[in-house]
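Next comes query-v3.pdb, with PDB, C-alpha atoms, pLDDT in the B column.
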ATOM      1  CA  GLN O 173     -35.877  21.958  17.758  1.00 87.00           C
ATOM      2  CA  VAL O 174     -33.316  19.263  17.020  1.00 92.00           C
ATOM      3  CA  GLN O 175     -33.175  16.335  19.393  1.00 96.00           C
ATOM      4  CA  LEU O 176     -30.545  13.612  19.399  1.00 97.00           C
ATOM      5  CA  VAL O 177     -31.053  10.514  21.512  1.00 97.00           C
ATOM      6  CA  GLU O 178     -28.302   7.911  21.805  1.00 98.00           C
ATOM      7  CA  SER O 179     -28.757   4.278  22.758  1.00 98.00           C
ATOM      8  CA  GLY O 180     -26.904   0.991  22.600  1.00 98.00           C
ATOM      9  CA  GLY O 181     -24.155   1.499  25.146  1.00 97.00           C
ATOM     10  CA  GLY O 182     -23.276  -1.097  27.750  1.00 97.00           C
ATOM     11  CA  LEU O 183     -20.634  -3.380  29.173  1.00 98.00           C
ATOM     12  CA  VAL O 184     -18.701  -5.607  26.788  1.00 98.00           C
ATOM     13  CA  GLN O 185     -15.527  -7.662  26.974  1.00 98.00           C
ATOM     14  CA  ALA O 186     -12.450  -6.705  25.013  1.00 98.00           C
ATOM     15  CA  GLY O 187     -12.738  -7.987  21.463  1.00 98.00           C
ATOM     16  CA  GLY O 188     -16.509  -7.726  21.490  1.00 98.00           C
ATOM     17  CA  SER O 189     -18.887  -5.515  19.526  1.00 98.00           C
ATOM     18  CA  LEU O 190     -21.578  -2.939  20.163  1.00 98.00           C
ATOM     19  CA  ARG O 191     -23.788  -0.859  17.894  1.00 98.00           C
ATOM     20  CA  LEU O 192     -24.716   2.617  19.019  1.00 98.00           C
ATOM     21  CA  SER O 193     -27.752   4.411  17.627  1.00 98.00           C
ATOM     22  CA  CYS O 194     -28.532   8.115  17.430  1.00 97.00           C
ATOM     23  CA  ALA O 195     -32.175   8.899  16.726  1.00 97.00           C
ATOM     24  CA  ALA O 196     -32.546  12.407  15.311  1.00 95.00           C
ATOM     25  CA  SER O 197     -35.759  14.446  15.230  1.00 93.00           C
ATOM     26  CA  GLY O 198     -36.965  17.984  14.693  1.00 90.00           C
ATOM     27  CA  ARG O 199     -35.526  18.693  11.250  1.00 84.00           C
ATOM     28  CA  THR O 200     -34.908  17.303   7.828  1.00 82.00           C
ATOM     29  CA  PHE O 201     -31.331  16.111   8.089  1.00 85.00           C
ATOM     30  CA  ARG O 202     -30.481  15.697   4.412  1.00 82.00           C
ATOM     31  CA  SER O 203     -27.886  18.509   4.497  1.00 85.00           C
ATOM     32  CA  TYR O 204     -26.527  17.788   7.964  1.00 92.00           C
ATOM     33  CA  VAL O 205     -23.282  16.323   9.191  1.00 95.00           C
ATOM     34  CA  MET O 206     -23.692  13.768  11.961  1.00 96.00           C
ATOM     35  CA  GLY O 207     -20.802  12.909  14.228  1.00 97.00           C
ATOM     36  CA  TRP O 208     -19.817  10.699  17.123  1.00 98.00           C
ATOM     37  CA  PHE O 209     -17.510  11.947  19.858  1.00 98.00           C
ATOM     38  CA  ARG O 210     -16.415  10.275  23.073  1.00 98.00           C
ATOM     39  CA  GLN O 211     -15.186  11.403  26.450  1.00 98.00           C
ATOM     40  CA  ALA O 212     -13.346   9.150  28.861  1.00 96.00           C
ATOM     41  CA  PRO O 213     -13.067   9.990  32.579  1.00 91.00           C
ATOM     42  CA  GLY O 214     -10.546  12.747  33.137  1.00 94.00           C
ATOM     43  CA  LYS O 215      -9.983  13.289  29.418  1.00 96.00           C
ATOM     44  CA  GLU O 216     -11.148  15.777  26.831  1.00 96.00           C
ATOM     45  CA  ARG O 217     -13.897  14.991  24.370  1.00 97.00           C
ATOM     46  CA  GLU O 218     -12.460  13.490  21.201  1.00 97.00           C
ATOM     47  CA  PHE O 219     -13.684  12.896  17.686  1.00 98.00           C
ATOM     48  CA  VAL O 220     -14.613   9.344  16.679  1.00 98.00           C
ATOM     49  CA  ALA O 221     -16.422   9.445  13.331  1.00 98.00           C
ATOM     50  CA  ALA O 222     -18.651  11.601  11.146  1.00 97.00           C
ATOM     51  CA  ILE O 223     -20.894  11.184   8.119  1.00 96.00           C
ATOM     52  CA  ARG O 224     -22.366  13.640   5.653  1.00 93.00           C
ATOM     53  CA  TRP O 225     -26.020  12.861   5.310  1.00 88.00           C
ATOM     54  CA  SER O 226     -26.156  14.103   1.705  1.00 87.00           C
ATOM     55  CA  ASP O 227     -23.528  11.831   0.156  1.00 90.00           C
ATOM     56  CA  ASP O 228     -22.489   9.328   2.845  1.00 91.00           C
ATOM     57  CA  HIS O 229     -18.921  10.629   2.947  1.00 94.00           C
ATOM     58  CA  THR O 230     -17.323   9.431   6.172  1.00 96.00           C
ATOM     59  CA  TYR O 231     -14.488  10.520   8.437  1.00 97.00           C
ATOM     60  CA  TYR O 232     -12.772   8.492  11.148  1.00 98.00           C
ATOM     61  CA  ALA O 233     -10.279   9.090  13.926  1.00 98.00           C
ATOM     62  CA  GLU O 234      -7.090   7.073  13.496  1.00 97.00           C
ATOM     63  CA  PRO O 235      -7.572   4.924  16.645  1.00 97.00           C
ATOM     64  CA  VAL O 236     -10.886   3.544  15.363  1.00 98.00           C
ATOM     65  CA  LYS O 237     -10.192   3.151  11.632  1.00 98.00           C
ATOM     66  CA  GLY O 238     -10.865  -0.401  10.520  1.00 97.00           C
ATOM     67  CA  ARG O 239     -12.796  -1.218  13.709  1.00 98.00           C
ATOM     68  CA  PHE O 240     -15.687   1.272  13.753  1.00 98.00           C
ATOM     69  CA  THR O 241     -18.198   2.041  11.008  1.00 98.00           C
ATOM     70  CA  ILE O 242     -20.584   4.982  10.881  1.00 98.00           C
ATOM     71  CA  SER O 243     -23.751   4.747   8.799  1.00 97.00           C
ATOM     72  CA  ARG O 244     -27.194   6.272   8.526  1.00 95.00           C
ATOM     73  CA  ASP O 245     -30.758   5.212   7.816  1.00 93.00           C
ATOM     74  CA  ASN O 246     -32.833   7.840   6.002  1.00 87.00           C
ATOM     75  CA  ALA O 247     -36.171   6.252   6.734  1.00 90.00           C
ATOM     76  CA  LYS O 248     -35.483   6.123  10.470  1.00 93.00           C
ATOM     77  CA  ASN O 249     -33.530   9.411  10.749  1.00 93.00           C
ATOM     78  CA  THR O 250     -30.961   7.418  12.656  1.00 96.00           C
ATOM     79  CA  VAL O 251     -27.183   7.296  12.623  1.00 97.00           C
ATOM     80  CA  TYR O 252     -25.315   4.213  13.767  1.00 98.00           C
ATOM     81  CA  LEU O 253     -21.838   3.502  15.052  1.00 98.00           C
ATOM     82  CA  GLN O 254     -20.888  -0.137  14.688  1.00 98.00           C
ATOM     83  CA  MET O 255     -17.949  -0.844  16.994  1.00 98.00           C
ATOM     84  CA  ASN O 256     -15.975  -4.052  16.567  1.00 98.00           C
ATOM     85  CA  SER O 257     -12.800  -5.386  18.182  1.00 98.00           C
ATOM     86  CA  LEU O 258     -13.404  -3.168  21.169  1.00 98.00           C
ATOM     87  CA  LYS O 259     -10.520  -2.336  23.478  1.00 98.00           C
ATOM     88  CA  PRO O 260     -10.484  -1.140  27.100  1.00 97.00           C
ATOM     89  CA  GLU O 261      -9.263   2.255  25.858  1.00 97.00           C
ATOM     90  CA  ASP O 262     -12.562   2.639  23.961  1.00 98.00           C
ATOM     91  CA  THR O 263     -14.321   3.014  27.315  1.00 98.00           C
ATOM     92  CA  ALA O 264     -16.072   6.390  27.342  1.00 98.00           C
ATOM     93  CA  VAL O 265     -19.368   8.201  27.139  1.00 98.00           C
ATOM     94  CA  TYR O 266     -20.231   8.397  23.447  1.00 98.00           C
ATOM     95  CA  HIS O 267     -22.101  11.458  22.231  1.00 98.00           C
ATOM     96  CA  CYS O 268     -23.939  12.012  18.983  1.00 98.00           C
ATOM     97  CA  ALA O 269     -23.620  15.464  17.403  1.00 97.00           C
ATOM     98  CA  ALA O 270     -25.145  17.249  14.415  1.00 96.00           C
ATOM     99  CA  ASP O 271     -24.699  20.432  12.442  1.00 94.00           C
ATOM    100  CA  PRO O 272     -26.524  21.921   9.438  1.00 91.00           C
ATOM    101  CA  ASN O 273     -23.718  24.125   8.124  1.00 75.00           C
ATOM    102  CA  SER O 274     -21.351  21.640   6.559  1.00 73.00           C
ATOM    103  CA  SER O 275     -21.392  23.401   3.180  1.00 78.00           C
ATOM    104  CA  SER O 276     -18.990  25.966   4.635  1.00 82.00           C
ATOM    105  CA  TRP O 277     -16.793  23.487   6.449  1.00 87.00           C
ATOM    106  CA  SER O 278     -13.154  22.853   5.749  1.00 88.00           C
ATOM    107  CA  ARG O 279     -11.785  19.322   5.682  1.00 87.00           C
ATOM    108  CA  THR O 280     -10.703  19.599   9.329  1.00 91.00           C
ATOM    109  CA  SER O 281     -14.025  20.969  10.579  1.00 93.00           C
ATOM    110  CA  TYR O 282     -15.505  17.488  10.853  1.00 94.00           C
ATOM    111  CA  TYR O 283     -13.018  16.593  13.605  1.00 95.00           C
ATOM    112  CA  ARG O 284     -13.718  19.594  15.855  1.00 96.00           C
ATOM    113  CA  SER O 285     -16.402  19.317  18.522  1.00 95.00           C
ATOM    114  CA  TYR O 286     -17.021  23.086  18.588  1.00 95.00           C
ATOM    115  CA  GLU O 287     -18.211  22.989  14.975  1.00 94.00           C
ATOM    116  CA  TYR O 288     -21.266  20.934  15.919  1.00 96.00           C
ATOM    117  CA  THR O 289     -24.389  22.742  17.114  1.00 95.00           C
ATOM    118  CA  TYR O 290     -26.558  19.953  18.494  1.00 96.00           C
ATOM    119  CA  TRP O 291     -25.589  17.260  20.995  1.00 98.00           C
ATOM    120  CA  GLY O 292     -27.161  14.247  22.606  1.00 97.00           C
ATOM    121  CA  GLN O 293     -26.812  13.304  26.266  1.00 97.00           C
ATOM    122  CA  GLY O 294     -24.516  10.386  25.588  1.00 97.00           C
ATOM    123  CA  THR O 295     -24.417   6.661  26.175  1.00 98.00           C
ATOM    124  CA  LEU O 296     -21.801   4.874  28.271  1.00 98.00           C
ATOM    125  CA  VAL O 297     -19.616   2.192  26.727  1.00 98.00           C
ATOM    126  CA  THR O 298     -17.477   0.142  29.100  1.00 98.00           C
ATOM    127  CA  VAL O 299     -14.966  -2.364  27.725  1.00 98.00           C
ATOM    128  CA  SER O 300     -13.533  -4.801  30.244  1.00 97.00           C
ATOM    129  CA  SER O 301     -10.145  -6.434  29.819  1.00 93.00           C
TER     130      SER O 301
END

Could you write out this file's structure as structure tokens?
Amino acid sequence: QVQLVESGGGLVQAGGSLRLSCAASGRTFRSYVMGWFRQAPGKEREFVAAIRWSDDHTYYAEPVKGRFTISRDNAKNTVYLQMNSLKPEDTAVYHCAADPNSSSWSRTSYYRSYEYTYWGQGTLVTVSS
């Protein structure tokens, strides 16, 4: 059974940084895609970033390009989201997601929440102005 546990959220001032972690267990993740999504109050869940575990290929949503970086650590089975130059509009619950079937994915699949099978509970990020 796959488990994803997020950590690293908190309160930060605008312009500050946070690093989120997603600890994955229950499988060998070498063929998985790992993603980060976020959901702000009253809004739909939206894609933030994704990484293919096999080759480190990354995908980013336009609002976070150049500010956020997704990475992974094989030895720790952990995926990170480094968030810099945070803005109040980045305030949301951030969820880690994973899926083993990326070999059949199209280029747009990485951006769609319904493509991901496994989800963590989320960690709250609050950016004050």

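If all atoms listed in the file are the atoms counted, then among O:Ile223, O:Ala195, O:Ala186, O:Val236 the closest residue to Pro260 (chain O) is O:Ala186.
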
Suppose a student applies the PyMOL selection byres ((chain O and resi 204-211) around 8) to this structure; what residues should they get, written as a PyMOL selection string? chain O and resi 201-203+212-213+215-226+251+253+264-274+282+285

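Among O:Gly238, O:Gly187, O:Asp245, O:Gln254, the residue with the shortest atom-to-atom distance to Ser301 (chain O), counting all atoms listed in the file, is O:Gly187.
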
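One distance worth recording is that between CA of Ser300 (chain O) and CA of Thr250 (chain O), which is 27.6 Å.
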
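Atom pair CA of Thr298 (chain O) / CA of Gln185 (chain O): separated by 8.3 Å.
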
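The set of residues that the PyMOL selection byres ((chain O and resi 193) around 10) takes from this file is Leu176, Val177, Glu178, Ser179, Gly180, Gly181, Leu190, Arg191, Leu192, Cys194, Ala195, Ala196, Ile242, Ser243, Arg244, Thr250, Val251, Tyr252, Leu253, Gln254, Cys268 and Thr295 of chain O.
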
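Interatomic distance, CA of Arg239 (chain O) against CA of Val299 (chain O): 14.2 Å.
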
Best match for closeness to Lys259 (chain O) among O:Ser189, O:Ser197, O:Thr289, O:Gln173, counting all atoms listed in the file: O:Ser189
